[in-house]
$ cat input26.csv   # CSV, C-alpha atoms
chain,number,residue,atom,x,y,z
A,1229,MET,CA,0.0,0.0,0.0
A,1230,GLU,CA,1.3,3.4,-0.9
A,1231,HIS,CA,-0.2,6.8,-1.2
A,1232,GLN,CA,0.9,10.4,-1.0
A,1233,SER,CA,-1.2,13.1,0.6
A,1234,HIS,CA,-0.9,16.5,2.0
A,1235,SER,CA,-1.2,16.8,5.8
A,1236,ASP,CA,-3.9,19.1,7.3
A,1237,GLN,CA,-1.5,20.2,10.0
A,1238,ILE,CA,1.5,20.9,7.8
A,1239,PRO,CA,0.0,22.4,4.6
A,1240,SER,CA,3.4,22.9,3.0
A,1241,GLY,CA,4.6,19.4,3.8
A,1242,TRP,CA,5.1,16.1,2.0
A,1243,SER,CA,3.8,12.9,3.4
A,1244,ARG,CA,4.0,9.2,2.6
A,1245,GLU,CA,2.9,5.9,4.0
A,1246,ILE,CA,4.3,2.7,2.8
A,1247,ASP,CA,4.5,-1.0,3.9
A,1248,LEU,CA,8.0,-2.3,3.5
A,1249,PRO,CA,8.8,-6.0,3.0
A,1250,SER,CA,10.9,-7.6,5.7
A,1251,GLU,CA,13.9,-7.8,3.6
A,1252,ARG,CA,17.4,-6.5,4.0
A,1253,GLY,CA,17.8,-3.3,2.0
A,1254,ALA,CA,14.1,-2.6,1.8
A,1255,SER,CA,14.6,0.7,3.7
A,1256,ARG,CA,15.7,2.4,0.5
A,1257,LEU,CA,12.1,2.1,-0.9
A,1258,VAL,CA,11.3,5.0,1.4
A,1259,THR,CA,14.6,6.6,2.3
A,1260,GLU,CA,15.5,7.7,-1.2
A,1261,ASP,CA,12.3,9.8,-1.5
A,1262,LEU,CA,12.7,11.0,2.1
A,1263,LEU,CA,16.2,12.3,1.4
A,1264,GLU,CA,15.0,14.1,-1.8
A,1265,GLN,CA,12.1,15.7,0.1
A,1266,LEU,CA,14.3,16.8,3.0
A,1267,GLY,CA,16.5,18.6,0.4
A,1268,ASN,CA,13.4,20.1,-1.3
A,1269,HIS,CA,12.2,21.4,2.1
A,1270,GLY,CA,15.5,23.2,2.8
A,1271,TRP,CA,17.0,20.9,5.4
A,1272,SER,CA,20.8,21.1,5.7
A,1273,PRO,CA,23.1,18.3,4.6
A,1274,SER,CA,24.0,17.8,8.3
A,1275,ASP,CA,20.4,17.4,9.3
A,1276,ILE,CA,19.7,15.2,6.4
A,1277,PHE,CA,22.5,12.9,7.5
A,1278,SER,CA,21.1,12.7,11.0
A,1279,ILE,CA,17.5,12.1,9.9
A,1280,HIS,CA,18.7,9.5,7.3
A,1281,LEU,CA,20.7,7.6,10.0
A,1282,ALA,CA,17.8,7.7,12.5
A,1283,ALA,CA,15.3,6.5,9.9
A,1284,GLU,CA,17.6,3.8,8.7
A,1285,GLU,CA,18.3,2.5,12.2
A,1286,ALA,CA,14.6,2.4,13.0
A,1287,ILE,CA,13.6,0.6,9.8
A,1288,VAL,CA,16.4,-1.9,10.0
A,1289,ASN,CA,15.5,-2.6,13.6
A,1290,GLY,CA,11.9,-3.3,12.5
A,1291,ILE,CA,12.9,-5.5,9.7
A,1292,VAL,CA,15.6,-7.5,11.4
A,1293,HIS,CA,14.8,-7.5,15.2
A,1294,GLY,CA,11.0,-6.8,15.1
A,1295,ASN,CA,9.9,-8.9,12.1
A,1296,GLN,CA,13.0,-11.1,12.2
A,1297,LEU,CA,13.0,-11.0,8.3
A,1298,ASP,CA,9.7,-12.9,8.2
A,1299,PRO,CA,8.4,-12.5,4.6
A,1300,ALA,CA,4.8,-12.6,5.9
A,1301,LYS,CA,5.3,-9.5,7.9
A,1302,LYS,CA,5.6,-5.8,6.9
A,1303,VAL,CA,7.2,-2.7,8.4
A,1304,HIS,CA,4.8,0.2,8.1
A,1305,VAL,CA,6.5,3.6,7.7
A,1306,SER,CA,4.8,6.9,7.7
A,1307,CYS,CA,6.8,10.1,7.0
A,1308,LEU,CA,6.0,13.8,7.2
A,1309,VAL,CA,8.4,16.4,6.0
A,1310,SER,CA,7.9,20.1,6.3
A,1311,PRO,CA,10.4,23.0,6.4
A,1312,GLU,CA,10.2,23.0,10.2
A,1313,LEU,CA,9.5,19.4,11.2
A,1314,VAL,CA,10.2,15.9,10.2
A,1315,ARG,CA,8.2,13.1,11.7
A,1316,ILE,CA,8.8,9.4,10.9
A,1317,GLU,CA,6.8,6.6,12.4
A,1318,VAL,CA,8.0,3.0,12.0
A,1319,THR,CA,5.9,0.1,13.1
A,1320,ASP,CA,6.7,-3.6,12.8
A,1321,GLU,CA,4.6,-6.7,13.4
A,1322,GLY,CA,7.0,-8.2,16.0
A,1323,ALA,CA,6.6,-8.8,19.7
A,1324,GLY,CA,8.1,-5.5,20.6
A,1325,PHE,CA,10.8,-4.7,23.1
A,1326,ASP,CA,11.5,-2.5,26.1
A,1327,PRO,CA,14.0,0.2,24.9
A,1328,ALA,CA,14.9,0.8,28.6
A,1329,THR,CA,16.5,-2.7,28.7
A,1330,VAL,CA,19.0,-1.8,25.9
A,1331,PRO,CA,22.3,-1.5,27.7
A,1332,ASP,CA,24.2,1.7,27.5
A,1333,CYS,CA,26.7,1.1,24.6
A,1334,THR,CA,29.0,3.9,25.9
A,1335,LEU,CA,29.8,2.1,29.2
A,1336,GLU,CA,33.5,1.3,29.4
A,1337,GLU,CA,32.9,-2.4,29.5
A,1338,ARG,CA,30.5,-2.3,26.5
A,1339,LEU,CA,32.5,0.0,24.2
A,1340,ASP,CA,33.8,-3.0,22.1
A,1341,VAL,CA,30.5,-4.8,21.8
A,1342,PRO,CA,29.7,-4.7,18.1
A,1343,SER,CA,25.9,-4.2,18.3
A,1344,GLY,CA,23.4,-2.1,20.2
A,1345,ARG,CA,24.1,1.5,19.0
A,1346,GLY,CA,21.0,2.2,16.8
A,1347,VAL,CA,18.7,3.4,19.6
A,1348,MET,CA,21.3,5.7,21.1
A,1349,LEU,CA,22.0,7.2,17.7
A,1350,MET,CA,18.3,7.8,17.1
A,1351,ARG,CA,18.0,9.5,20.5
A,1352,SER,CA,21.1,11.7,19.8
A,1353,PHE,CA,20.2,12.8,16.3
A,1354,MET,CA,16.4,13.4,16.7
A,1355,THR,CA,14.5,16.0,18.8
A,1356,ARG,CA,12.1,13.4,20.1
A,1357,ILE,CA,11.9,9.6,20.0
A,1358,GLU,CA,9.1,7.7,21.6
A,1359,TYR,CA,8.2,4.0,21.6
A,1360,ASN,CA,4.7,2.7,22.1
A,1361,ALA,CA,4.0,0.6,25.2
A,1362,LYS,CA,4.4,-2.7,23.3
A,1363,GLY,CA,7.7,-1.5,21.8
A,1364,ASN,CA,7.0,-2.4,18.2
A,1365,SER,CA,6.4,1.2,17.0
A,1366,VAL,CA,8.6,4.2,17.3
A,1367,VAL,CA,8.0,7.9,16.4
A,1368,LEU,CA,11.0,10.0,15.5
A,1369,GLU,CA,10.8,13.7,15.3
A,1370,LYS,CA,13.3,16.4,14.4
A,1371,LYS,CA,12.5,20.1,14.6
A,1372,ARG,CA,14.5,22.5,12.6
A,1373,ALA,CA,16.9,24.5,14.8
A,1374,PRO,CA,16.3,28.2,14.6
A,1375,ALA,CA,18.6,30.0,12.2
A,1376,GLU,CA,21.5,31.7,13.9
A,1377,ASP,CA,21.8,35.5,13.5
B,1251,MET,CA,45.3,-11.9,-1.8
B,1252,ALA,CA,41.6,-12.4,-2.4
B,1253,ALA,CA,39.7,-10.1,-4.7
B,1254,HIS,CA,37.8,-7.4,-3.0
B,1255,ARG,CA,34.5,-5.8,-4.0
B,1256,ARG,CA,33.9,-3.5,-1.1
B,1257,ILE,CA,37.4,-2.1,-0.5
B,1258,ASP,CA,40.4,-0.9,-2.4
B,1259,VAL,CA,43.6,-2.1,-0.8
B,1260,SER,CA,47.1,-0.6,-1.3
B,1261,LYS,CA,50.4,-0.5,0.6
B,1262,VAL,CA,52.3,2.5,1.7
B,1263,GLY,CA,55.6,1.2,3.2
B,1264,GLU,CA,54.5,-1.4,5.7
B,1265,VAL,CA,51.0,0.1,6.1
B,1266,THR,CA,48.0,-1.5,4.4
B,1267,VAL,CA,45.7,1.4,3.3
B,1268,VAL,CA,42.1,0.5,2.9
B,1269,LYS,CA,39.6,2.7,1.0
B,1270,PHE,CA,35.9,2.0,0.9
B,1271,VAL,CA,34.3,1.5,-2.5
B,1272,ASP,CA,30.8,2.5,-1.3
B,1273,LYS,CA,29.9,6.0,-0.5
B,1274,LYS,CA,27.0,4.8,1.7
B,1275,ILE,CA,27.7,1.9,3.9
B,1276,LEU,CA,24.2,0.9,5.0
B,1277,ASP,CA,23.0,-2.1,2.9
B,1278,GLU,CA,23.1,-5.1,5.2
B,1279,ALA,CA,24.4,-7.5,2.5
B,1280,SER,CA,27.2,-5.1,1.6
B,1281,ILE,CA,28.1,-4.6,5.2
B,1282,GLN,CA,28.4,-8.4,5.6
B,1283,GLU,CA,30.6,-8.6,2.6
B,1284,LEU,CA,32.7,-5.6,3.8
B,1285,GLY,CA,33.2,-7.4,7.1
B,1286,VAL,CA,34.4,-10.6,5.4
B,1287,GLU,CA,36.9,-8.6,3.3
B,1288,LEU,CA,38.2,-6.5,6.2
B,1289,PHE,CA,38.6,-9.5,8.5
B,1290,SER,CA,40.4,-11.5,5.8
B,1291,LEU,CA,43.1,-8.8,5.7
B,1292,VAL,CA,44.0,-9.6,9.2
B,1293,GLU,CA,43.1,-13.3,9.5
B,1294,HIS,CA,44.2,-14.5,6.0
B,1295,ASP,CA,46.7,-11.9,4.8
B,1296,ASN,CA,48.3,-11.3,8.2
B,1297,ARG,CA,48.3,-7.5,7.7
B,1298,LYS,CA,49.6,-6.0,11.0
B,1299,SER,CA,49.4,-2.2,10.3
B,1300,VAL,CA,46.0,-1.3,8.8
B,1301,LEU,CA,44.7,2.2,8.0
B,1302,LEU,CA,41.1,2.7,7.1
B,1303,ASN,CA,40.8,5.9,4.9
B,1304,PHE,CA,37.2,7.1,5.0
B,1305,SER,CA,37.6,9.8,2.4
B,1306,ASN,CA,35.0,8.2,0.1
B,1307,VAL,CA,32.5,7.5,2.8
B,1308,GLU,CA,29.5,9.8,3.2
B,1309,PHE,CA,27.2,7.7,5.4
B,1310,LEU,CA,27.4,4.6,7.6
B,1311,SER,CA,25.0,2.8,9.8
B,1312,SER,CA,25.4,1.2,13.2
B,1313,ALA,CA,25.7,-2.2,11.6
B,1314,ALA,CA,28.9,-0.9,9.8
B,1315,LEU,CA,30.2,0.3,13.2
B,1316,GLY,CA,29.8,-3.2,14.4
B,1317,LYS,CA,32.1,-4.5,11.7
B,1318,LEU,CA,34.7,-1.8,12.6
B,1319,ILE,CA,34.6,-2.8,16.2
B,1320,THR,CA,35.1,-6.5,15.3
B,1321,LEU,CA,38.0,-5.6,13.0
B,1322,ASP,CA,39.6,-3.6,15.8
B,1323,ARG,CA,39.3,-6.6,18.1
B,1324,LYS,CA,40.8,-8.9,15.5
B,1325,VAL,CA,43.7,-6.5,14.8
B,1326,LYS,CA,44.5,-6.1,18.5
B,1327,ALA,CA,44.3,-9.9,19.0
B,1328,ALA,CA,46.8,-10.3,16.2
B,1329,LYS,CA,49.0,-7.7,17.9
B,1330,GLY,CA,48.6,-5.4,15.0
B,1331,ARG,CA,47.6,-1.8,14.8
B,1332,LEU,CA,44.5,-0.2,13.3
B,1333,LYS,CA,44.1,3.5,12.5
B,1334,MET,CA,41.4,5.5,10.8
B,1335,SER,CA,41.6,8.8,8.8
B,1336,ASN,CA,39.7,11.3,6.6
B,1337,ILE,CA,36.5,10.9,8.5
B,1338,ARG,CA,34.0,13.7,7.7
B,1339,PRO,CA,32.4,15.7,10.5
B,1340,GLU,CA,29.0,14.0,10.4
B,1341,ILE,CA,30.5,10.5,10.7
B,1342,PHE,CA,32.9,11.7,13.4
B,1343,GLU,CA,29.9,12.8,15.3
B,1344,VAL,CA,28.6,9.2,15.2
B,1345,PHE,CA,31.9,8.0,16.6
B,1346,GLN,CA,31.7,10.7,19.4
B,1347,ILE,CA,28.1,9.9,20.3
B,1348,THR,CA,28.9,6.2,20.7
B,1349,LYS,CA,32.3,7.0,22.3
B,1350,LEU,CA,34.0,4.9,19.7
B,1351,ASN,CA,36.5,7.8,19.2
B,1352,LYS,CA,37.9,6.5,22.5
B,1353,VAL,CA,38.3,3.0,21.1
B,1354,PHE,CA,39.6,3.8,17.6
B,1355,ASP,CA,42.8,5.6,16.8
B,1356,ILE,CA,41.4,8.4,14.5
B,1357,ARG,CA,43.8,10.7,12.6
B,1358,LYS,CA,43.1,13.7,10.5
B,1359,ASP,CA,44.4,12.5,7.2
B,1360,GLU,CA,46.3,9.6,5.6
B,1361,VAL,CA,49.8,11.3,5.9
B,1362,GLU,CA,49.3,11.9,9.7
B,1363,ALA,CA,48.0,8.4,10.2
B,1364,ILE,CA,50.8,6.6,8.3
B,1365,SER,CA,53.5,8.6,10.2
B,1366,ALA,CA,51.8,7.5,13.5
B,1367,PHE,CA,52.3,3.8,12.9

$ encode --input "input26.csv" --output "C-alpha coordinates"
Amino acid sequence: MEHQSHSDQIPSGWSREIDLPSERGASRLVTEDLLEQLGNHGWSPSDIFSIHLAAEEAIVNGIVHGNQLDPAKKVHVSCLVSPELVRIEVTDEGAGFDPATVPDCTLEERLDVPSGRGVMLMRSFMTRIEYNAKGNSVVLEKKRAPAED
Amino acid sequence: MAAHRRIDVSKVGEVTVVKFVDKKILDEASIQELGVELFSLVEHDNRKSVLLNFSNVEFLSSAALGKLITLDRKVKAAKGRLKMSNIRPEIFEVFQITKLNKVFDIRKDEVEAISAF
(Lines of atoms letter the chains of each structure in order from A and count residues from 1; the text may use other names and numbers.)
(Lines give C-alpha, C1' and ligand atoms only; values in the text may rest on other atoms or scores of the structure.)
Protein backbone atom coordinates (compact mmCIF):
# COMPACT_ATOMS: atom_id res chain seq x y z
CA MET A 1 0.00 0.00 0.00
CA GLU A 2 1.32 3.41 -0.85
CA HIS A 3 -0.16 6.81 -1.21
CA GLN A 4 0.87 10.39 -1.04
CA SER A 5 -1.18 13.09 0.56
CA HIS A 6 -0.94 16.53 2.05
CA SER A 7 -1.20 16.82 5.80
CA ASP A 8 -3.87 19.10 7.27
CA GLN A 9 -1.52 20.16 10.03
CA ILE A 10 1.46 20.90 7.81
CA PRO A 11 0.01 22.36 4.62
CA SER A 12 3.39 22.90 2.97
CA GLY A 13 4.60 19.42 3.80
CA TRP A 14 5.12 16.12 2.03
CA SER A 15 3.84 12.87 3.43
CA ARG A 16 4.02 9.23 2.56
CA GLU A 17 2.90 5.93 4.01
CA ILE A 18 4.34 2.66 2.82
CA ASP A 19 4.49 -0.99 3.87
CA LEU A 20 8.00 -2.34 3.45
CA PRO A 21 8.78 -6.03 2.99
CA SER A 22 10.88 -7.58 5.75
CA GLU A 23 13.95 -7.84 3.55
CA ARG A 24 17.42 -6.47 4.00
CA GLY A 25 17.82 -3.31 1.96
CA ALA A 26 14.08 -2.56 1.82
CA SER A 27 14.57 0.74 3.66
CA ARG A 28 15.69 2.40 0.45
CA LEU A 29 12.14 2.08 -0.89
CA VAL A 30 11.29 5.00 1.35
CA THR A 31 14.59 6.65 2.32
CA GLU A 32 15.47 7.70 -1.24
CA ASP A 33 12.29 9.79 -1.51
CA LEU A 34 12.67 10.98 2.07
CA LEU A 35 16.17 12.31 1.41
CA GLU A 36 15.03 14.07 -1.75
CA GLN A 37 12.13 15.69 0.09
CA LEU A 38 14.34 16.81 2.97
CA GLY A 39 16.51 18.61 0.44
CA ASN A 40 13.44 20.08 -1.28
CA HIS A 41 12.23 21.42 2.06
CA GLY A 42 15.51 23.16 2.81
CA TRP A 43 17.01 20.85 5.44
CA SER A 44 20.79 21.14 5.74
CA PRO A 45 23.11 18.32 4.63
CA SER A 46 24.04 17.77 8.27
CA ASP A 47 20.38 17.43 9.34
CA ILE A 48 19.69 15.17 6.36
CA PHE A 49 22.55 12.91 7.48
CA SER A 50 21.09 12.74 11.01
CA ILE A 51 17.53 12.06 9.87
CA HIS A 52 18.69 9.47 7.32
CA LEU A 53 20.70 7.65 9.98
CA ALA A 54 17.83 7.65 12.50
CA ALA A 55 15.30 6.47 9.89
CA GLU A 56 17.64 3.75 8.66
CA GLU A 57 18.28 2.46 12.18
CA ALA A 58 14.56 2.42 13.03
CA ILE A 59 13.58 0.62 9.81
CA VAL A 60 16.39 -1.94 10.01
CA ASN A 61 15.46 -2.62 13.65
CA GLY A 62 11.87 -3.26 12.54
CA ILE A 63 12.88 -5.55 9.68
CA VAL A 64 15.62 -7.51 11.44
CA HIS A 65 14.81 -7.46 15.16
CA GLY A 66 11.04 -6.82 15.07
CA ASN A 67 9.87 -8.91 12.14
CA GLN A 68 12.96 -11.11 12.15
CA LEU A 69 13.02 -11.04 8.33
CA ASP A 70 9.70 -12.91 8.21
CA PRO A 71 8.42 -12.48 4.61
CA ALA A 72 4.82 -12.64 5.86
CA LYS A 73 5.33 -9.48 7.93
CA LYS A 74 5.59 -5.84 6.89
CA VAL A 75 7.16 -2.74 8.37
CA HIS A 76 4.81 0.22 8.14
CA VAL A 77 6.53 3.56 7.68
CA SER A 78 4.84 6.92 7.70
CA CYS A 79 6.77 10.12 6.98
CA LEU A 80 5.96 13.80 7.17
CA VAL A 81 8.40 16.41 5.97
CA SER A 82 7.88 20.15 6.29
CA PRO A 83 10.41 22.98 6.42
CA GLU A 84 10.16 23.03 10.22
CA LEU A 85 9.52 19.44 11.24
CA VAL A 86 10.21 15.87 10.21
CA ARG A 87 8.16 13.06 11.68
CA ILE A 88 8.79 9.39 10.91
CA GLU A 89 6.80 6.55 12.44
CA VAL A 90 8.03 2.98 12.04
CA THR A 91 5.86 0.06 13.11
CA ASP A 92 6.74 -3.61 12.80
CA GLU A 93 4.65 -6.74 13.40
CA GLY A 94 7.00 -8.23 15.97
CA ALA A 95 6.57 -8.84 19.69
CA GLY A 96 8.07 -5.47 20.62
CA PHE A 97 10.82 -4.71 23.12
CA ASP A 98 11.48 -2.48 26.08
CA PRO A 99 13.98 0.18 24.95
CA ALA A 100 14.88 0.77 28.61
CA THR A 101 16.49 -2.67 28.68
CA VAL A 102 18.97 -1.84 25.89
CA PRO A 103 22.32 -1.53 27.67
CA ASP A 104 24.25 1.74 27.46
CA CYS A 105 26.72 1.12 24.64
CA THR A 106 29.03 3.88 25.91
CA LEU A 107 29.81 2.14 29.20
CA GLU A 108 33.51 1.30 29.37
CA GLU A 109 32.86 -2.44 29.48
CA ARG A 110 30.51 -2.31 26.48
CA LEU A 111 32.51 -0.05 24.17
CA ASP A 112 33.82 -2.96 22.14
CA VAL A 113 30.51 -4.80 21.81
CA PRO A 114 29.70 -4.74 18.06
CA SER A 115 25.93 -4.17 18.32
CA GLY A 116 23.35 -2.08 20.20
CA ARG A 117 24.07 1.46 19.02
CA GLY A 118 21.03 2.16 16.84
CA VAL A 119 18.68 3.38 19.56
CA MET A 120 21.33 5.66 21.06
CA LEU A 121 22.04 7.21 17.65
CA MET A 122 18.32 7.79 17.06
CA ARG A 123 18.03 9.51 20.46
CA SER A 124 21.06 11.69 19.83
CA PHE A 125 20.17 12.79 16.33
CA MET A 126 16.44 13.43 16.72
CA THR A 127 14.54 15.96 18.83
CA ARG A 128 12.08 13.36 20.09
CA ILE A 129 11.92 9.58 19.98
CA GLU A 130 9.07 7.70 21.56
CA TYR A 131 8.19 4.01 21.59
CA ASN A 132 4.67 2.73 22.13
CA ALA A 133 3.96 0.56 25.19
CA LYS A 134 4.40 -2.68 23.26
CA GLY A 135 7.69 -1.51 21.82
CA ASN A 136 6.96 -2.38 18.19
CA SER A 137 6.40 1.20 17.03
CA VAL A 138 8.62 4.23 17.29
CA VAL A 139 8.02 7.88 16.45
CA LEU A 140 11.04 9.96 15.47
CA GLU A 141 10.78 13.73 15.27
CA LYS A 142 13.26 16.41 14.43
CA LYS A 143 12.51 20.12 14.64
CA ARG A 144 14.52 22.55 12.58
CA ALA A 145 16.95 24.47 14.76
CA PRO A 146 16.30 28.22 14.63
CA ALA A 147 18.61 30.00 12.19
CA GLU A 148 21.54 31.70 13.89
CA ASP A 149 21.82 35.48 13.52
CA MET B 1 45.35 -11.95 -1.84
CA ALA B 2 41.62 -12.38 -2.36
CA ALA B 3 39.69 -10.14 -4.74
CA HIS B 4 37.80 -7.36 -3.03
CA ARG B 5 34.46 -5.83 -3.99
CA ARG B 6 33.86 -3.47 -1.10
CA ILE B 7 37.37 -2.15 -0.46
CA ASP B 8 40.41 -0.93 -2.37
CA VAL B 9 43.63 -2.10 -0.78
CA SER B 10 47.09 -0.60 -1.31
CA LYS B 11 50.36 -0.52 0.58
CA VAL B 12 52.33 2.51 1.70
CA GLY B 13 55.55 1.15 3.16
CA GLU B 14 54.48 -1.38 5.74
CA VAL B 15 51.01 0.09 6.14
CA THR B 16 48.01 -1.47 4.42
CA VAL B 17 45.75 1.38 3.31
CA VAL B 18 42.09 0.50 2.86
CA LYS B 19 39.62 2.73 1.04
CA PHE B 20 35.92 1.99 0.88
CA VAL B 21 34.25 1.50 -2.49
CA ASP B 22 30.77 2.46 -1.29
CA LYS B 23 29.90 6.04 -0.46
CA LYS B 24 27.03 4.83 1.70
CA ILE B 25 27.74 1.86 3.94
CA LEU B 26 24.23 0.86 4.96
CA ASP B 27 23.01 -2.08 2.95
CA GLU B 28 23.10 -5.15 5.21
CA ALA B 29 24.40 -7.51 2.54
CA SER B 30 27.17 -5.08 1.57
CA ILE B 31 28.13 -4.62 5.22
CA GLN B 32 28.35 -8.37 5.64
CA GLU B 33 30.61 -8.57 2.60
CA LEU B 34 32.66 -5.61 3.84
CA GLY B 35 33.23 -7.40 7.15
CA VAL B 36 34.43 -10.57 5.43
CA GLU B 37 36.90 -8.60 3.29
CA LEU B 38 38.22 -6.52 6.20
CA PHE B 39 38.61 -9.51 8.52
CA SER B 40 40.43 -11.48 5.83
CA LEU B 41 43.12 -8.79 5.66
CA VAL B 42 44.01 -9.63 9.24
CA GLU B 43 43.14 -13.31 9.49
CA HIS B 44 44.20 -14.48 6.03
CA ASP B 45 46.75 -11.94 4.77
CA ASN B 46 48.28 -11.27 8.21
CA ARG B 47 48.30 -7.50 7.73
CA LYS B 48 49.58 -5.96 10.96
CA SER B 49 49.35 -2.24 10.25
CA VAL B 50 46.01 -1.28 8.79
CA LEU B 51 44.72 2.19 7.97
CA LEU B 52 41.08 2.71 7.06
CA ASN B 53 40.78 5.85 4.92
CA PHE B 54 37.17 7.10 5.00
CA SER B 55 37.60 9.85 2.39
CA ASN B 56 35.02 8.25 0.11
CA VAL B 57 32.45 7.52 2.84
CA GLU B 58 29.46 9.83 3.18
CA PHE B 59 27.24 7.67 5.36
CA LEU B 60 27.44 4.61 7.57
CA SER B 61 24.96 2.84 9.82
CA SER B 62 25.39 1.22 13.22
CA ALA B 63 25.71 -2.19 11.55
CA ALA B 64 28.86 -0.90 9.84
CA LEU B 65 30.16 0.33 13.19
CA GLY B 66 29.80 -3.24 14.43
CA LYS B 67 32.15 -4.49 11.71
CA LEU B 68 34.71 -1.80 12.56
CA ILE B 69 34.61 -2.82 16.22
CA THR B 70 35.08 -6.49 15.35
CA LEU B 71 37.96 -5.58 13.01
CA ASP B 72 39.58 -3.56 15.79
CA ARG B 73 39.32 -6.58 18.12
CA LYS B 74 40.84 -8.89 15.51
CA VAL B 75 43.74 -6.53 14.79
CA LYS B 76 44.46 -6.15 18.50
CA ALA B 77 44.26 -9.93 19.01
CA ALA B 78 46.84 -10.35 16.21
CA LYS B 79 49.03 -7.74 17.95
CA GLY B 80 48.61 -5.41 14.99
CA ARG B 81 47.57 -1.77 14.83
CA LEU B 82 44.47 -0.21 13.28
CA LYS B 83 44.07 3.48 12.54
CA MET B 84 41.39 5.50 10.76
CA SER B 85 41.59 8.78 8.85
CA ASN B 86 39.72 11.26 6.63
CA ILE B 87 36.46 10.94 8.54
CA ARG B 88 33.96 13.66 7.66
CA PRO B 89 32.39 15.66 10.53
CA GLU B 90 28.96 13.99 10.43
CA ILE B 91 30.49 10.53 10.70
CA PHE B 92 32.95 11.66 13.36
CA GLU B 93 29.92 12.80 15.35
CA VAL B 94 28.59 9.23 15.17
CA PHE B 95 31.89 8.02 16.63
CA GLN B 96 31.69 10.67 19.35
CA ILE B 97 28.09 9.89 20.33
CA THR B 98 28.92 6.21 20.66
CA LYS B 99 32.30 7.04 22.26
CA LEU B 100 34.03 4.91 19.66
CA ASN B 101 36.47 7.78 19.18
CA LYS B 102 37.95 6.50 22.47
CA VAL B 103 38.27 2.96 21.10
CA PHE B 104 39.62 3.79 17.64
CA ASP B 105 42.84 5.63 16.80
CA ILE B 106 41.45 8.37 14.55
CA ARG B 107 43.77 10.72 12.63
CA LYS B 108 43.06 13.74 10.47
CA ASP B 109 44.42 12.46 7.18
CA GLU B 110 46.35 9.61 5.62
CA VAL B 111 49.77 11.26 5.95
CA GLU B 112 49.32 11.87 9.67
CA ALA B 113 47.97 8.37 10.21
CA ILE B 114 50.78 6.62 8.34
CA SER B 115 53.45 8.57 10.20
CA ALA B 116 51.83 7.50 13.49
CA PHE B 117 52.34 3.76 12.90

$ closest_atom_pairs --input "input26.csv" --of "chain A" --to "chain B" --cutoff "12 Å" --atoms "all atoms listed in the file" --output "tab-separated table"
residue	atom	partner	partner_atom	distance
A:Glu1251	CA	B:Glu1278	CA	9.7
A:Arg1252	CA	B:Glu1278	CA	6.0
A:Gly1253	CA	B:Asp1277	CA	5.4
A:Ala1254	CA	B:Asp1277	CA	9.0
A:Ser1255	CA	B:Asp1277	CA	8.9
A:Arg1256	CA	B:Asp1277	CA	8.9
A:Thr1259	CA	B:Leu1276	CA	11.5
A:Ser1272	CA	B:Glu1340	CA	11.8
A:Pro1273	CA	B:Glu1340	CA	9.3
A:Ser1274	CA	B:Glu1340	CA	6.6
A:Asp1275	CA	B:Glu1340	CA	9.3
A:Ile1276	CA	B:Glu1340	CA	10.2
A:Phe1277	CA	B:Glu1340	CA	7.2
A:Ser1278	CA	B:Glu1340	CA	8.0
A:Ile1279	CA	B:Phe1309	CA	11.6
A:His1280	CA	B:Phe1309	CA	8.9
A:Leu1281	CA	B:Ser1311	CA	6.4
A:Ala1282	CA	B:Ser1311	CA	9.1
A:Ala1283	CA	B:Ser1311	CA	10.4
A:Glu1284	CA	B:Ser1311	CA	7.5
A:Glu1285	CA	B:Ser1311	CA	7.1
A:Ala1286	CA	B:Ser1312	CA	10.9
A:Ile1287	CA	B:Ser1311	CA	11.6
A:Val1288	CA	B:Glu1278	CA	8.8
A:Asn1289	CA	B:Ala1313	CA	10.4
A:Ile1291	CA	B:Glu1278	CA	11.2
A:Val1292	CA	B:Glu1278	CA	10.0
A:Asp1332	CA	B:Thr1348	CA	9.4
A:Cys1333	CA	B:Thr1348	CA	6.8
A:Thr1334	CA	B:Thr1348	CA	5.7
A:Leu1335	CA	B:Lys1349	CA	8.8
A:Glu1336	CA	B:Lys1349	CA	9.2
A:Glu1337	CA	B:Val1353	CA	11.4
A:Arg1338	CA	B:Lys1349	CA	10.4
A:Leu1339	CA	B:Leu1350	CA	6.8
A:Asp1340	CA	B:Ile1319	CA	6.0
A:Val1341	CA	B:Ile1319	CA	7.2
A:Pro1342	CA	B:Gly1316	CA	4.0
A:Ser1343	CA	B:Gly1316	CA	5.6
A:Gly1344	CA	B:Ser1312	CA	8.0
A:Arg1345	CA	B:Ser1312	CA	6.0
A:Gly1346	CA	B:Ser1312	CA	5.8
A:Val1347	CA	B:Ser1312	CA	9.5
A:Met1348	CA	B:Thr1348	CA	7.6
A:Leu1349	CA	B:Ile1347	CA	7.2
A:Met1350	CA	B:Ser1312	CA	10.4
A:Arg1351	CA	B:Ile1347	CA	10.1
A:Ser1352	CA	B:Ile1347	CA	7.2
A:Phe1353	CA	B:Val1344	CA	9.2

$ atom_distance --input "input26.csv" --atom1 "CA of Arg1256 (chain B)" --atom2 "CA of Asn1336 (chain B)"
17.7 Å

$ residues_around --input "input26.csv" --residues "Leu1308 (chain A)" --least-positions-apart "3" --cutoff "9 Å" --atoms "only C-alpha atoms" --output "number ranges by chain"
A: 1235, 1238, 1241-1244, 1262, 1313-1317

$ residues_around --input "input26.csv" --residues "Arg1356 (chain A)" --least-positions-apart "3" --cutoff "8 Å" --atoms "only C-alpha atoms" --output "list in words"
Arg1351, Val1367, Leu1368, Glu1369 and Lys1370 of chain A

$ atom_distance --input "input26.csv" --atom1 "CA of His1304 (chain A)" --atom2 "CA of Ile1246 (chain A)"
5.9 Å

$ atom_distance --input "input26.csv" --atom1 "CA of Val1307 (chain B)" --atom2 "CA of Lys1333 (chain B)"
15.6 Å
